[in-house]
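One structure is given below, encoded as structure tokens.
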Amino acid sequence: QKEVEQNSGPLSVPEGAIASLNCTYSDRGSQSFFWYRQYSGKSPELIMSIYSNGDKEDGRFTAQLNKASQYVSLLIRDSQPSDSATYLCAVSASSNTGKLIFGQGTTLQVKP
Amino acid sequence: EADIYQTPRYLVIGTGKKITLECSQTMGHDKMYWYQQDPGMELHLIHYSYGVNSTEKGDLSSESTVSRIRTEHFPLTLESARPSHTSQYLCASTGANYGYTFGSGTRLTVV
């Protein structure tokens with residue numbers, strides 16, 4: 001079992017819809033959770049961070065964390081074709097070293 | 001503006017050559033990382049450093065080596081490049097538990 005798991009997709013949604021991206025992790029001691037967006041051929045870009053249970057909203061993005069279920073998700077409202085990218089879930093190692101464990105990423109396709 | 005820089009952006013080099021990929025950051029971050037990523041594939045951690053004179057191998061075995069003589073500089077060296085080293089190399093840094101900042105990457109092709 002991988003430490004951080006994501007469905008590789010592709011996840012295809014129509015423009016204007018809500019895209020829901022999911023991630024599970026195995027280390028119960030993890031404290032910090034991040035979502036990165038990576039366009040093809042580019043480097044990952046941090047778009048959301050979440051540290052406590054519940055929802056965190058930033059513009060069209062909402063991150064959701066449930067530590068009891070070891071589950072973190074990213075919702076993208078009013079999806080745009082420019083949101084088409086690979087989304088990487090990253091979880092901090094419980095050793096508090098700053099080291100992140102990345103999932104394999106979910107490819108999102110937003111169709112006009 | 002604080003940032004993290006990688007050079008070169010693209011590199012095509014012959015088999016057997018020695019290469020150094022540069023990574024520098026101006027944010028004063030202690031922790032720096034090198035990842036290798038093939039197109040459409042996962043990120044693989046190959047080296048990391050928690051400060052000056054501290055380097056560790058990552059989860060993916062790599063023939064490359066790194067050094068950390070200054071806080072801001074974390075170069076990666078391949079003594080003898082091979083076609084199997086063709087990949088994208090990404091450098092990242094973090095100061096605390098706030099996530100990584102990635103550089104733009106170096107796309108290496110060994111012919």
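The way I read the labels, and the way they are meant: chains A, B, ... in the order of the structure tokens, residue 1 as the first residue of every chain, and ligand 1 as the first ligand shown, with later ones counted on from there.
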
Q) Could you list, as a ChimeraX atom specification, every residue of chain B that has an atom within 7 Å of an atom of chain A, counting only C-alpha atoms? A) /B:42,96-97,99,102-105

Write out, as a compact mmCIF listing (two decimals), in the first residue's frame, the residues just selected, with all heavy atoms.
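Result file follows (selection_20.txt):
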# COMPACT_ATOMS: atom_id res chain seq x y z
N GLU B 42 5.16 9.81 -11.55
CA GLU B 42 5.25 10.35 -10.20
C GLU B 42 6.55 11.09 -9.94
O GLU B 42 7.54 10.88 -10.65
CB GLU B 42 5.22 9.19 -9.18
CG GLU B 42 3.98 8.39 -9.16
CD GLU B 42 4.10 7.25 -8.16
OE1 GLU B 42 4.34 7.53 -6.97
OE2 GLU B 42 3.95 6.09 -8.57
N ALA B 96 9.82 25.55 6.82
CA ALA B 96 9.12 24.99 7.98
C ALA B 96 8.13 23.98 7.44
O ALA B 96 8.38 23.37 6.42
CB ALA B 96 8.43 26.09 8.76
N ASN B 97 7.00 23.86 8.08
CA ASN B 97 6.03 22.86 7.64
C ASN B 97 4.97 23.48 6.75
O ASN B 97 3.78 23.24 6.90
CB ASN B 97 5.39 22.22 8.87
CG ASN B 97 5.19 20.74 8.68
OD1 ASN B 97 5.72 20.14 7.75
ND2 ASN B 97 4.42 20.14 9.55
N GLY B 99 4.98 23.47 3.27
CA GLY B 99 4.97 23.01 1.89
C GLY B 99 6.20 23.46 1.15
O GLY B 99 6.92 24.36 1.58
N PHE B 102 8.86 24.87 -5.45
CA PHE B 102 9.64 24.18 -6.48
C PHE B 102 10.29 25.18 -7.43
O PHE B 102 9.72 26.25 -7.71
CB PHE B 102 8.75 23.27 -7.33
CG PHE B 102 8.41 21.96 -6.67
CD1 PHE B 102 7.29 21.85 -5.86
CD2 PHE B 102 9.21 20.85 -6.86
CE1 PHE B 102 6.98 20.64 -5.24
CE2 PHE B 102 8.90 19.64 -6.25
CZ PHE B 102 7.78 19.54 -5.44
N GLY B 103 11.46 24.82 -7.93
CA GLY B 103 12.06 25.54 -9.03
C GLY B 103 11.40 25.15 -10.34
O GLY B 103 10.50 24.29 -10.36
N SER B 104 11.84 25.76 -11.43
CA SER B 104 11.23 25.51 -12.74
C SER B 104 11.64 24.18 -13.35
O SER B 104 11.03 23.74 -14.31
CB SER B 104 11.60 26.64 -13.70
OG SER B 104 11.11 27.87 -13.23
N GLY B 105 12.68 23.56 -12.78
CA GLY B 105 13.10 22.26 -13.26
C GLY B 105 14.18 22.33 -14.33
O GLY B 105 14.35 23.35 -15.00

Q | Residue list (strand (DSSP E), DSSP) for segment 3-104 of chain B, as number ranges by chain | A | B: 4-7, 10-13, 19-25, 31-37, 44-51, 54-57, 65-66, 76-78, 87-94, 101-102

With N, CA and C atoms retained, could you export that selection as a compact mmCIF listing (two decimals), in the first residue's frame?
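And here is the file that came out, out15.txt:
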# COMPACT_ATOMS: atom_id res chain seq x y z
N ILE B 4 13.23 30.35 -6.01
CA ILE B 4 14.15 29.22 -6.14
C ILE B 4 14.46 29.05 -7.62
N TYR B 5 15.73 28.97 -7.95
CA TYR B 5 16.18 29.03 -9.33
C TYR B 5 16.91 27.77 -9.71
N GLN B 6 16.61 27.26 -10.91
CA GLN B 6 17.33 26.10 -11.43
C GLN B 6 17.91 26.44 -12.78
N THR B 7 19.16 26.05 -12.99
CA THR B 7 19.78 26.19 -14.29
C THR B 7 20.59 24.95 -14.61
N TYR B 10 17.02 23.59 -19.87
CA TYR B 10 17.11 22.42 -20.74
C TYR B 10 18.59 22.09 -20.97
N LEU B 11 18.90 20.79 -21.05
CA LEU B 11 20.28 20.37 -21.28
C LEU B 11 20.28 19.09 -22.11
N VAL B 12 20.98 19.13 -23.23
CA VAL B 12 21.21 17.94 -24.05
C VAL B 12 22.70 17.67 -24.03
N ILE B 13 23.08 16.48 -23.62
CA ILE B 13 24.50 16.19 -23.42
C ILE B 13 24.81 14.77 -23.85
N ILE B 19 28.01 16.33 -15.54
CA ILE B 19 27.12 17.49 -15.53
C ILE B 19 26.77 17.88 -14.10
N THR B 20 26.53 19.17 -13.92
CA THR B 20 26.04 19.68 -12.65
C THR B 20 24.80 20.50 -12.89
N LEU B 21 23.72 20.14 -12.20
CA LEU B 21 22.48 20.90 -12.26
C LEU B 21 22.45 21.83 -11.04
N GLU B 22 22.22 23.11 -11.33
CA GLU B 22 22.29 24.10 -10.27
C GLU B 22 20.92 24.38 -9.67
N CYS B 23 20.89 24.60 -8.34
CA CYS B 23 19.67 24.99 -7.64
C CYS B 23 20.06 25.98 -6.55
N SER B 24 19.43 27.15 -6.60
CA SER B 24 19.68 28.16 -5.57
C SER B 24 18.36 28.77 -5.12
N GLN B 25 18.30 29.09 -3.82
CA GLN B 25 17.10 29.75 -3.30
C GLN B 25 17.50 30.94 -2.43
N LYS B 31 15.80 23.41 4.47
CA LYS B 31 15.53 22.11 3.86
C LYS B 31 15.40 22.24 2.34
N MET B 32 16.16 21.42 1.65
CA MET B 32 16.12 21.41 0.18
C MET B 32 16.06 19.98 -0.32
N TYR B 33 15.47 19.82 -1.51
CA TYR B 33 15.16 18.48 -2.03
C TYR B 33 15.40 18.45 -3.54
N TRP B 34 15.79 17.27 -4.03
CA TRP B 34 15.84 17.00 -5.46
C TRP B 34 14.89 15.85 -5.78
N TYR B 35 14.05 16.10 -6.79
CA TYR B 35 13.14 15.07 -7.27
C TYR B 35 13.44 14.78 -8.74
N GLN B 36 13.16 13.56 -9.14
CA GLN B 36 13.25 13.16 -10.53
C GLN B 36 11.85 12.79 -10.99
N GLN B 37 11.47 13.24 -12.17
CA GLN B 37 10.13 12.98 -12.67
C GLN B 37 10.17 12.74 -14.17
N HIS B 44 9.81 11.38 -7.76
CA HIS B 44 10.64 10.48 -6.96
C HIS B 44 11.73 11.29 -6.26
N LEU B 45 11.78 11.20 -4.94
CA LEU B 45 12.80 11.90 -4.16
C LEU B 45 14.14 11.20 -4.32
N ILE B 46 15.16 11.92 -4.75
CA ILE B 46 16.48 11.31 -4.94
C ILE B 46 17.51 11.81 -3.93
N HIS B 47 17.38 13.06 -3.47
CA HIS B 47 18.30 13.57 -2.46
C HIS B 47 17.59 14.64 -1.64
N TYR B 48 18.05 14.83 -0.38
CA TYR B 48 17.55 15.94 0.40
C TYR B 48 18.61 16.40 1.39
N SER B 49 18.39 17.60 1.90
CA SER B 49 19.35 18.21 2.83
C SER B 49 18.57 19.02 3.85
N TYR B 50 18.98 18.92 5.12
CA TYR B 50 18.32 19.68 6.17
C TYR B 50 19.17 20.86 6.63
N GLY B 51 20.29 21.08 5.96
CA GLY B 51 21.12 22.22 6.29
C GLY B 51 22.51 22.05 5.73
N SER B 54 24.76 18.75 5.39
CA SER B 54 23.84 17.64 5.63
C SER B 54 23.22 17.22 4.32
N THR B 55 23.46 15.97 3.90
CA THR B 55 22.80 15.44 2.70
C THR B 55 22.41 13.99 2.95
N GLU B 56 21.30 13.61 2.35
CA GLU B 56 20.79 12.24 2.51
C GLU B 56 20.28 11.76 1.16
N LYS B 57 20.34 10.44 0.97
CA LYS B 57 19.74 9.85 -0.23
C LYS B 57 18.24 9.72 -0.02
N THR B 65 25.07 12.72 -7.20
CA THR B 65 25.50 13.14 -5.87
C THR B 65 25.13 14.59 -5.68
N VAL B 66 25.07 15.02 -4.42
CA VAL B 66 24.73 16.40 -4.11
C VAL B 66 25.70 16.94 -3.07
N LEU B 76 23.34 19.37 -7.94
CA LEU B 76 23.29 17.92 -8.18
C LEU B 76 24.26 17.59 -9.30
N THR B 77 25.08 16.57 -9.11
CA THR B 77 26.12 16.21 -10.09
C THR B 77 25.97 14.77 -10.55
N LEU B 78 26.11 14.60 -11.86
CA LEU B 78 26.22 13.27 -12.45
C LEU B 78 27.62 13.15 -13.02
N SER B 87 15.58 12.70 -17.98
CA SER B 87 14.42 12.91 -17.12
C SER B 87 14.30 14.41 -16.82
N GLN B 88 13.27 14.76 -16.05
CA GLN B 88 13.18 16.11 -15.50
C GLN B 88 13.61 16.07 -14.05
N TYR B 89 14.45 17.04 -13.67
CA TYR B 89 14.95 17.13 -12.31
C TYR B 89 14.40 18.40 -11.68
N LEU B 90 13.72 18.23 -10.55
CA LEU B 90 13.07 19.34 -9.86
C LEU B 90 13.70 19.56 -8.50
N CYS B 91 14.02 20.80 -8.21
CA CYS B 91 14.58 21.19 -6.92
C CYS B 91 13.48 21.89 -6.12
N ALA B 92 13.44 21.68 -4.81
CA ALA B 92 12.43 22.31 -3.97
C ALA B 92 13.05 22.68 -2.64
N SER B 93 12.43 23.63 -1.95
CA SER B 93 12.90 24.01 -0.62
C SER B 93 11.72 24.34 0.27
N THR B 94 11.95 24.26 1.59
CA THR B 94 10.95 24.67 2.57
C THR B 94 11.65 25.15 3.82
N THR B 101 8.41 24.95 -2.07
CA THR B 101 8.44 25.79 -3.26
C THR B 101 9.34 25.09 -4.26
N PHE B 102 8.86 24.87 -5.45
CA PHE B 102 9.64 24.18 -6.48
C PHE B 102 10.29 25.18 -7.43

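Atom CA of Arg82 of chain B is found 5.0 Å from atom CA of Thr15 of chain B.
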
**Q.** Point-to-point distance from atom CA of Arg70 of chain B to atom CA of Thr106 of chain B, Å rounded to tenths
**A.** 20.7 Å

Q: Have a look at A:Gln38, A:Gln109, A:Ser73, A:Asn66 and name the one nearest to Pro10 of chain A; count only C-alpha atoms.
A: A:Gln109

Q. What lies within 7 Å of Gly16 of chain A using only C-alpha atoms, ignoring chain neighbours under 5 positions off, as a PyMOL selection string?
A. chain A and resi 78-80

Keeping only N, CA, C and O atoms, write the selected residues as a PDB file, in the first residue's frame.
ATOM      1  N   ASP A  78     -16.884  25.701 -10.354  1.00  0.00           N
ATOM      2  CA  ASP A  78     -16.882  26.424 -11.632  1.00  0.00           C
ATOM      3  C   ASP A  78     -15.608  26.104 -12.426  1.00  0.00           C
ATOM      4  O   ASP A  78     -14.850  26.992 -12.822  1.00  0.00           O
ATOM      5  N   SER A  79     -15.397  24.832 -12.645  1.00  0.00           N
ATOM      6  CA  SER A  79     -14.168  24.382 -13.326  1.00  0.00           C
ATOM      7  C   SER A  79     -14.007  25.049 -14.687  1.00  0.00           C
ATOM      8  O   SER A  79     -14.974  25.204 -15.444  1.00  0.00           O
ATOM      9  N   GLN A  80     -12.759  25.405 -14.986  1.00  0.00           N
ATOM     10  CA  GLN A  80     -12.421  26.064 -16.243  1.00  0.00           C
ATOM     11  C   GLN A  80     -11.440  25.194 -17.035  1.00  0.00           C
ATOM     12  O   GLN A  80     -10.668  24.432 -16.422  1.00  0.00           O
TER      13      GLN A  80
END

Q: Would you mind telling me which residue in A:Tyr87, A:Pro112, A:Ile76, A:Lys56 lies nearest to Gly9 of chain A when using only C-alpha atoms?
A: A:Tyr87

Q: Can you work out the spacing between atom CA of Cys23 of chain A and atom CA of Tyr39 of chain A in Å, to one decimal?
A: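 These atoms are spaced 19.0 Å apart.
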
**Q.** Among the residues B:Asp38, B:Asp59, B:Asp3, B:Asp30, the one that comes closest to Thr86 of chain B [using only C-alpha atoms]
**A.**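 Using only C-alpha atoms, Thr86 of chain B sits closest to B:Asp38.
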